[in-house]
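Structure first, commentary second.
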Amino acid sequence: MLRYADGPTAEVGVEIAAPPESVWALVTDINLPARFSDEFAGAEWLDDAGPALGARFLGRNEHPSGSAWETTSTVIWFDPNRTFGYAVNDVDDPAARWRFDLAPSDAGTKLTMWAQMGPGRSGVSYLIYKNPDREQEIIARRLAEWRSNMEATVAGIKTCLLYTSDAADDYFWV
């Protein structure tokens, strides 16, 4: 039985014919997933930060149902060329955690994207509070939405080639 209190997760992966250093530049670009997701609308670093442990960013989301919200996320995993991830809202009691893991592979890089719901308050926890008899259905539907956007994101990263500069507008699409 799926329960929010258990921290349900979703995970997708892809092999990319590029070294981890090239993939790292893409997964730490907090705006890049907005090109692929039908929910994530973009983000901006706060406090003049960039990708680093403890750095924060403001994320904007728009669900296809019409709802929109902003969150503040904090980078909690940062191991260059290996792991980049963040907690949404409260670091100690996050609404969600998201992470990219990179591992060298025969093809170049194995990229895995992982996410965990809760345990903190979120739109999902609110829906469950209002409809406790539908908890499993709500979680299953939300995980399916997450997986769909995560698959689009890793597939998009796979097709993305990094040009010679760090500017987001310098990505070329194959």
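Here, A, B, ... name the chains of the structure tokens in the order displayed, residue numbers run from 1 inside each chain, and ligands are numbered from 1 in the same displayed order.
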
Please run DSSP on the backbone and report, as a ChimeraX atom specification, all residues within range 13-59 of chain A that come out as strand (DSSP E or B).
/A:13-16,40-45,56-59

Only N, CA and C atoms, please: the residues just picked out, written as a CSV table (one decimal), in the first residue's frame.
chain,number,residue,atom,x,y,z
A,13,GLY,N,16.1,6.4,-15.5
A,13,GLY,CA,17.5,6.4,-15.9
A,13,GLY,C,17.7,6.4,-17.4
A,14,VAL,N,18.8,6.8,-17.8
A,14,VAL,CA,19.2,6.8,-19.3
A,14,VAL,C,20.7,6.7,-19.4
A,15,GLU,N,21.2,6.0,-20.5
A,15,GLU,CA,22.6,6.0,-20.8
A,15,GLU,C,22.8,7.2,-21.8
A,16,ILE,N,23.9,7.9,-21.6
A,16,ILE,CA,24.2,9.1,-22.4
A,16,ILE,C,25.6,9.0,-22.9
A,40,PHE,N,7.2,21.8,-14.5
A,40,PHE,CA,8.2,22.7,-14.0
A,40,PHE,C,8.4,23.9,-15.0
A,41,ALA,N,8.2,25.1,-14.5
A,41,ALA,CA,8.2,26.3,-15.4
A,41,ALA,C,9.5,27.1,-15.3
A,42,GLY,N,10.5,26.7,-14.4
A,42,GLY,CA,11.7,27.4,-14.4
A,42,GLY,C,12.1,27.8,-12.9
A,43,ALA,N,13.3,28.3,-12.8
A,43,ALA,CA,13.9,28.6,-11.5
A,43,ALA,C,14.9,29.7,-11.6
A,44,GLU,N,15.2,30.2,-10.4
A,44,GLU,CA,16.3,31.2,-10.3
A,44,GLU,C,17.1,31.0,-9.0
A,45,TRP,N,18.4,31.1,-9.1
A,45,TRP,CA,19.2,31.0,-7.9
A,45,TRP,C,18.9,32.2,-7.0
A,56,ARG,N,20.4,28.0,-2.6
A,56,ARG,CA,18.9,27.9,-2.7
A,56,ARG,C,18.5,28.5,-4.0
A,57,PHE,N,17.3,28.0,-4.4
A,57,PHE,CA,16.7,28.6,-5.6
A,57,PHE,C,15.2,28.6,-5.5
A,58,LEU,N,14.6,29.5,-6.2
A,58,LEU,CA,13.1,29.6,-6.3
A,58,LEU,C,12.7,28.9,-7.5
A,59,GLY,N,11.8,27.9,-7.4
A,59,GLY,CA,11.2,27.2,-8.5
A,59,GLY,C,9.8,27.6,-8.7

From a backbone DSSP assignment, name each residue in range 19-170 of chain A labelled helix (DSSP H, G or I), as a PyMOL selection string.
chain A and resi 20-27+32-35+123-130+132-159+168-170

Would you kindly return, as a list in words, each protein, DNA or RNA residue with an atom no farther than 7 Å from any atom of range 91-94 of chain A, considering only C-alpha atoms and excluding same-chain residues fewer than 6 positions away?
Thr74, Gly118, Pro119 and Gly120 of chain A

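CA of Val23 in chain A sits 7.7 Å away from CA of Asn81 in chain A.
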
Spatial neighbours of range 98-101 of chain A, max dist 10 Å, only C-alpha atoms, sep filter under 2 positions, as a compact mmCIF listing (two decimals) with all heavy atoms, in the first residue's frame:
# COMPACT_ATOMS: atom_id res chain seq x y z
N THR A 9 8.73 6.95 -3.76
CA THR A 9 9.76 7.45 -4.67
C THR A 9 9.46 7.09 -6.12
O THR A 9 8.69 6.18 -6.41
CB THR A 9 11.15 6.88 -4.31
OG1 THR A 9 11.13 5.46 -4.46
CG2 THR A 9 11.56 7.26 -2.90
N ALA A 10 10.12 7.80 -7.00
CA ALA A 10 10.11 7.51 -8.43
C ALA A 10 11.55 7.62 -8.91
O ALA A 10 12.33 8.44 -8.39
CB ALA A 10 9.22 8.50 -9.18
N GLU A 11 11.90 6.81 -9.91
CA GLU A 11 13.25 6.82 -10.43
C GLU A 11 13.23 6.45 -11.90
O GLU A 11 12.50 5.54 -12.31
CB GLU A 11 14.13 5.85 -9.64
CG GLU A 11 15.57 5.82 -10.07
CD GLU A 11 16.41 4.94 -9.17
OE1 GLU A 11 16.51 5.24 -7.97
OE2 GLU A 11 16.94 3.94 -9.69
N VAL A 12 14.01 7.16 -12.70
CA VAL A 12 14.18 6.85 -14.12
C VAL A 12 15.66 6.99 -14.45
O VAL A 12 16.40 7.67 -13.73
CB VAL A 12 13.33 7.77 -15.03
CG1 VAL A 12 11.84 7.64 -14.72
CG2 VAL A 12 13.76 9.22 -14.92
N GLY A 13 16.08 6.36 -15.53
CA GLY A 13 17.48 6.45 -15.91
C GLY A 13 17.66 6.36 -17.40
O GLY A 13 16.77 5.91 -18.13
N PRO A 20 30.72 12.22 -17.82
CA PRO A 20 29.99 12.80 -16.70
C PRO A 20 30.16 14.32 -16.59
O PRO A 20 29.22 15.02 -16.21
CB PRO A 20 30.57 12.09 -15.47
CG PRO A 20 30.99 10.75 -16.00
CD PRO A 20 31.50 11.05 -17.40
N TRP A 24 27.07 16.72 -16.17
CA TRP A 24 27.02 17.52 -14.94
C TRP A 24 26.61 18.96 -15.25
O TRP A 24 25.78 19.55 -14.55
CB TRP A 24 28.37 17.48 -14.23
CG TRP A 24 28.44 18.30 -13.00
CD1 TRP A 24 29.07 19.51 -12.85
CD2 TRP A 24 27.88 18.00 -11.72
NE1 TRP A 24 28.93 19.98 -11.56
CE2 TRP A 24 28.19 19.06 -10.86
CE3 TRP A 24 27.14 16.94 -11.23
CZ2 TRP A 24 27.80 19.09 -9.52
CZ3 TRP A 24 26.74 16.96 -9.91
CH2 TRP A 24 27.08 18.02 -9.07
N VAL A 27 22.78 18.89 -15.70
CA VAL A 27 21.91 18.61 -14.55
C VAL A 27 21.98 19.71 -13.50
O VAL A 27 21.05 19.86 -12.71
CB VAL A 27 22.15 17.22 -13.91
CG1 VAL A 27 21.93 16.12 -14.92
CG2 VAL A 27 23.50 17.12 -13.26
N THR A 28 23.05 20.48 -13.47
CA THR A 28 23.14 21.58 -12.51
C THR A 28 22.59 22.89 -13.06
O THR A 28 22.59 23.90 -12.36
CB THR A 28 24.59 21.78 -12.02
OG1 THR A 28 25.44 22.02 -13.14
CG2 THR A 28 25.08 20.56 -11.24
N SER A 73 13.94 25.76 -2.85
CA SER A 73 14.67 24.51 -2.69
C SER A 73 16.10 24.80 -2.27
O SER A 73 16.66 25.84 -2.61
CB SER A 73 14.67 23.72 -4.00
OG SER A 73 13.35 23.33 -4.32
N VAL A 75 20.02 23.00 -2.09
CA VAL A 75 20.88 21.91 -2.56
C VAL A 75 21.41 21.17 -1.33
O VAL A 75 22.06 21.75 -0.47
CB VAL A 75 22.04 22.46 -3.42
CG1 VAL A 75 22.98 21.32 -3.82
CG2 VAL A 75 21.50 23.18 -4.65
N ILE A 76 21.08 19.87 -1.26
CA ILE A 76 21.51 19.06 -0.12
C ILE A 76 22.48 17.95 -0.53
O ILE A 76 23.11 17.33 0.33
CB ILE A 76 20.31 18.45 0.64
CG1 ILE A 76 19.45 17.58 -0.27
CG2 ILE A 76 19.49 19.55 1.29
CD1 ILE A 76 18.38 16.78 0.45
N TRP A 77 22.57 17.69 -1.83
CA TRP A 77 23.53 16.72 -2.36
C TRP A 77 24.33 17.44 -3.43
O TRP A 77 23.76 17.98 -4.39
CB TRP A 77 22.83 15.52 -2.99
CG TRP A 77 22.13 14.62 -2.04
CD1 TRP A 77 22.69 13.85 -1.06
CD2 TRP A 77 20.73 14.36 -1.98
NE1 TRP A 77 21.72 13.13 -0.41
CE2 TRP A 77 20.50 13.42 -0.96
CE3 TRP A 77 19.63 14.82 -2.71
CZ2 TRP A 77 19.24 12.95 -0.63
CZ3 TRP A 77 18.37 14.35 -2.39
CH2 TRP A 77 18.19 13.42 -1.37
N PHE A 78 25.63 17.46 -3.29
CA PHE A 78 26.47 18.14 -4.28
C PHE A 78 27.85 17.48 -4.28
O PHE A 78 28.69 17.74 -3.42
CB PHE A 78 26.60 19.63 -3.94
CG PHE A 78 27.26 20.42 -5.05
CD1 PHE A 78 26.51 20.89 -6.11
CD2 PHE A 78 28.62 20.67 -5.02
CE1 PHE A 78 27.11 21.61 -7.14
CE2 PHE A 78 29.23 21.39 -6.04
CZ PHE A 78 28.47 21.86 -7.10
N ASP A 79 28.04 16.58 -5.22
CA ASP A 79 29.31 15.91 -5.42
C ASP A 79 29.62 16.04 -6.91
O ASP A 79 29.06 15.30 -7.73
CB ASP A 79 29.21 14.44 -4.99
CG ASP A 79 30.53 13.70 -5.06
OD1 ASP A 79 31.55 14.30 -5.44
OD2 ASP A 79 30.53 12.50 -4.74
N ASN A 81 30.18 16.09 -10.69
CA ASN A 81 30.22 15.03 -11.70
C ASN A 81 29.62 13.71 -11.21
O ASN A 81 29.74 12.70 -11.90
CB ASN A 81 31.63 14.81 -12.23
CG ASN A 81 32.20 16.08 -12.82
OD1 ASN A 81 31.51 16.81 -13.52
ND2 ASN A 81 33.45 16.35 -12.52
N ARG A 82 28.98 13.73 -10.03
CA ARG A 82 28.38 12.49 -9.50
C ARG A 82 26.95 12.68 -9.00
O ARG A 82 26.08 11.92 -9.36
CB ARG A 82 29.25 11.95 -8.37
CG ARG A 82 30.64 11.55 -8.86
CD ARG A 82 31.40 10.87 -7.82
NE ARG A 82 30.61 9.69 -7.42
CZ ARG A 82 31.08 8.76 -6.64
NH1 ARG A 82 32.28 8.84 -6.15
NH2 ARG A 82 30.34 7.72 -6.32
N THR A 83 26.69 13.65 -8.12
CA THR A 83 25.37 13.79 -7.50
C THR A 83 24.99 15.26 -7.32
O THR A 83 25.79 16.04 -6.80
CB THR A 83 25.34 13.09 -6.13
OG1 THR A 83 25.72 11.74 -6.28
CG2 THR A 83 23.95 13.16 -5.51
N PHE A 84 23.77 15.60 -7.75
CA PHE A 84 23.21 16.92 -7.53
C PHE A 84 21.76 16.73 -7.12
O PHE A 84 20.99 16.08 -7.83
CB PHE A 84 23.27 17.76 -8.82
CG PHE A 84 22.60 19.10 -8.70
CD1 PHE A 84 23.19 20.12 -7.97
CD2 PHE A 84 21.38 19.35 -9.30
CE1 PHE A 84 22.58 21.37 -7.85
CE2 PHE A 84 20.76 20.58 -9.20
CZ PHE A 84 21.37 21.59 -8.47
N GLY A 85 21.39 17.27 -5.96
CA GLY A 85 20.01 17.11 -5.51
C GLY A 85 19.62 18.16 -4.50
O GLY A 85 20.46 18.84 -3.92
N TYR A 86 18.33 18.26 -4.29
CA TYR A 86 17.81 19.33 -3.43
C TYR A 86 16.55 18.90 -2.69
O TYR A 86 15.86 17.97 -3.09
CB TYR A 86 17.54 20.59 -4.26
CG TYR A 86 16.73 20.34 -5.50
CD1 TYR A 86 15.35 20.44 -5.49
CD2 TYR A 86 17.35 20.01 -6.71
CE1 TYR A 86 14.61 20.22 -6.63
CE2 TYR A 86 16.61 19.79 -7.86
CZ TYR A 86 15.25 19.90 -7.82
OH TYR A 86 14.51 19.67 -8.95
N ALA A 87 16.31 19.61 -1.59
CA ALA A 87 15.10 19.44 -0.80
C ALA A 87 14.18 20.62 -1.10
O ALA A 87 14.64 21.76 -1.20
CB ALA A 87 15.43 19.40 0.69
N VAL A 88 12.89 20.35 -1.21
CA VAL A 88 11.90 21.38 -1.52
C VAL A 88 11.31 21.92 -0.23
O VAL A 88 10.83 21.17 0.62
CB VAL A 88 10.80 20.82 -2.43
CG1 VAL A 88 9.73 21.88 -2.73
CG2 VAL A 88 11.40 20.28 -3.72
N ALA A 96 9.42 17.47 -0.81
CA ALA A 96 9.96 16.47 -1.74
C ALA A 96 11.47 16.62 -1.77
O ALA A 96 12.02 17.65 -1.36
CB ALA A 96 9.39 16.66 -3.14
N ALA A 103 26.97 8.28 -13.22
CA ALA A 103 27.98 7.24 -13.04
C ALA A 103 28.62 6.95 -14.39
O ALA A 103 27.91 6.83 -15.39
CB ALA A 103 27.35 5.97 -12.47
N THR A 109 27.90 7.95 -19.73
CA THR A 109 27.35 8.25 -18.41
C THR A 109 25.99 7.59 -18.23
O THR A 109 25.14 7.66 -19.11
CB THR A 109 27.18 9.77 -18.21
OG1 THR A 109 28.43 10.42 -18.41
CG2 THR A 109 26.64 10.11 -16.83
N LYS A 110 25.80 6.97 -17.08
CA LYS A 110 24.47 6.50 -16.68
C LYS A 110 23.88 7.62 -15.83
O LYS A 110 24.42 7.96 -14.77
CB LYS A 110 24.57 5.20 -15.86
CG LYS A 110 23.29 4.79 -15.17
CD LYS A 110 22.24 4.32 -16.12
CE LYS A 110 21.03 3.80 -15.32
NZ LYS A 110 19.98 3.32 -16.15
N LEU A 111 22.81 8.24 -16.31
CA LEU A 111 22.13 9.32 -15.58
C LEU A 111 20.86 8.76 -14.97
O LEU A 111 20.02 8.18 -15.66
CB LEU A 111 21.79 10.47 -16.53
CG LEU A 111 20.93 11.59 -15.92
CD1 LEU A 111 21.66 12.29 -14.77
CD2 LEU A 111 20.52 12.59 -17.00
N THR A 112 20.72 8.93 -13.66
CA THR A 112 19.52 8.52 -12.95
C THR A 112 18.90 9.75 -12.30
O THR A 112 19.61 10.55 -11.69
CB THR A 112 19.86 7.48 -11.86
OG1 THR A 112 20.53 6.37 -12.48
CG2 THR A 112 18.61 6.99 -11.16
N MET A 113 17.61 9.89 -12.45
CA MET A 113 16.86 10.96 -11.78
C MET A 113 15.93 10.27 -10.79
O MET A 113 15.21 9.34 -11.14
CB MET A 113 16.07 11.79 -12.79
CG MET A 113 15.40 13.00 -12.19
SD MET A 113 14.59 13.97 -13.49
CE MET A 113 14.03 15.37 -12.52
N TRP A 114 15.97 10.76 -9.54
CA TRP A 114 15.22 10.16 -8.44
C TRP A 114 14.45 11.26 -7.72
O TRP A 114 14.92 12.41 -7.63
CB TRP A 114 16.23 9.51 -7.49
CG TRP A 114 15.69 8.99 -6.20
CD1 TRP A 114 15.21 7.73 -5.96
CD2 TRP A 114 15.61 9.69 -4.95
NE1 TRP A 114 14.83 7.61 -4.64
CE2 TRP A 114 15.07 8.81 -4.00
CE3 TRP A 114 15.94 10.99 -4.55
CZ2 TRP A 114 14.85 9.18 -2.68
CZ3 TRP A 114 15.72 11.36 -3.24
CH2 TRP A 114 15.18 10.46 -2.32
N ALA A 115 13.28 10.92 -7.20
CA ALA A 115 12.49 11.87 -6.42
C ALA A 115 11.74 11.13 -5.32
O ALA A 115 11.38 9.97 -5.47
CB ALA A 115 11.50 12.60 -7.31
N GLN A 116 11.53 11.84 -4.21
CA GLN A 116 10.81 11.28 -3.08
C GLN A 116 9.77 12.28 -2.58
O GLN A 116 10.08 13.46 -2.38
CB GLN A 116 11.78 10.96 -1.94
CG GLN A 116 11.10 10.38 -0.72
CD GLN A 116 12.08 10.09 0.39
OE1 GLN A 116 13.00 10.87 0.64
NE2 GLN A 116 11.91 8.96 1.04
N MET A 117 8.56 11.81 -2.35
CA MET A 117 7.50 12.64 -1.77
C MET A 117 7.70 12.75 -0.27
O MET A 117 8.06 11.79 0.38
CB MET A 117 6.14 11.99 -1.99
CG MET A 117 5.63 12.07 -3.36
SD MET A 117 3.95 11.37 -3.40
CE MET A 117 3.73 11.33 -5.16
N VAL A 154 15.19 13.40 -18.54
CA VAL A 154 16.43 12.67 -18.83
C VAL A 154 16.58 12.42 -20.32
O VAL A 154 17.71 12.46 -20.85
CB VAL A 154 16.58 11.37 -18.00
CG1 VAL A 154 16.63 11.68 -16.52
CG2 VAL A 154 15.53 10.34 -18.33

What does the distance between CA of Arg35 in chain A and CA of Gly108 in chain A come to in Å, to one decimal place?
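Calculated distance between CA of Arg35 in chain A and CA of Gly108 in chain A is 23.1 Å.
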
For each of A:Asp6, A:Arg121, A:Leu127, A:Ala34, take the minimum atom-to-atom distance to Arg141 in chain A, counting only C-alpha atoms, then give the residue where this is smallest.
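Using only C-alpha atoms, Arg141 in chain A sits closest to A:Leu127.
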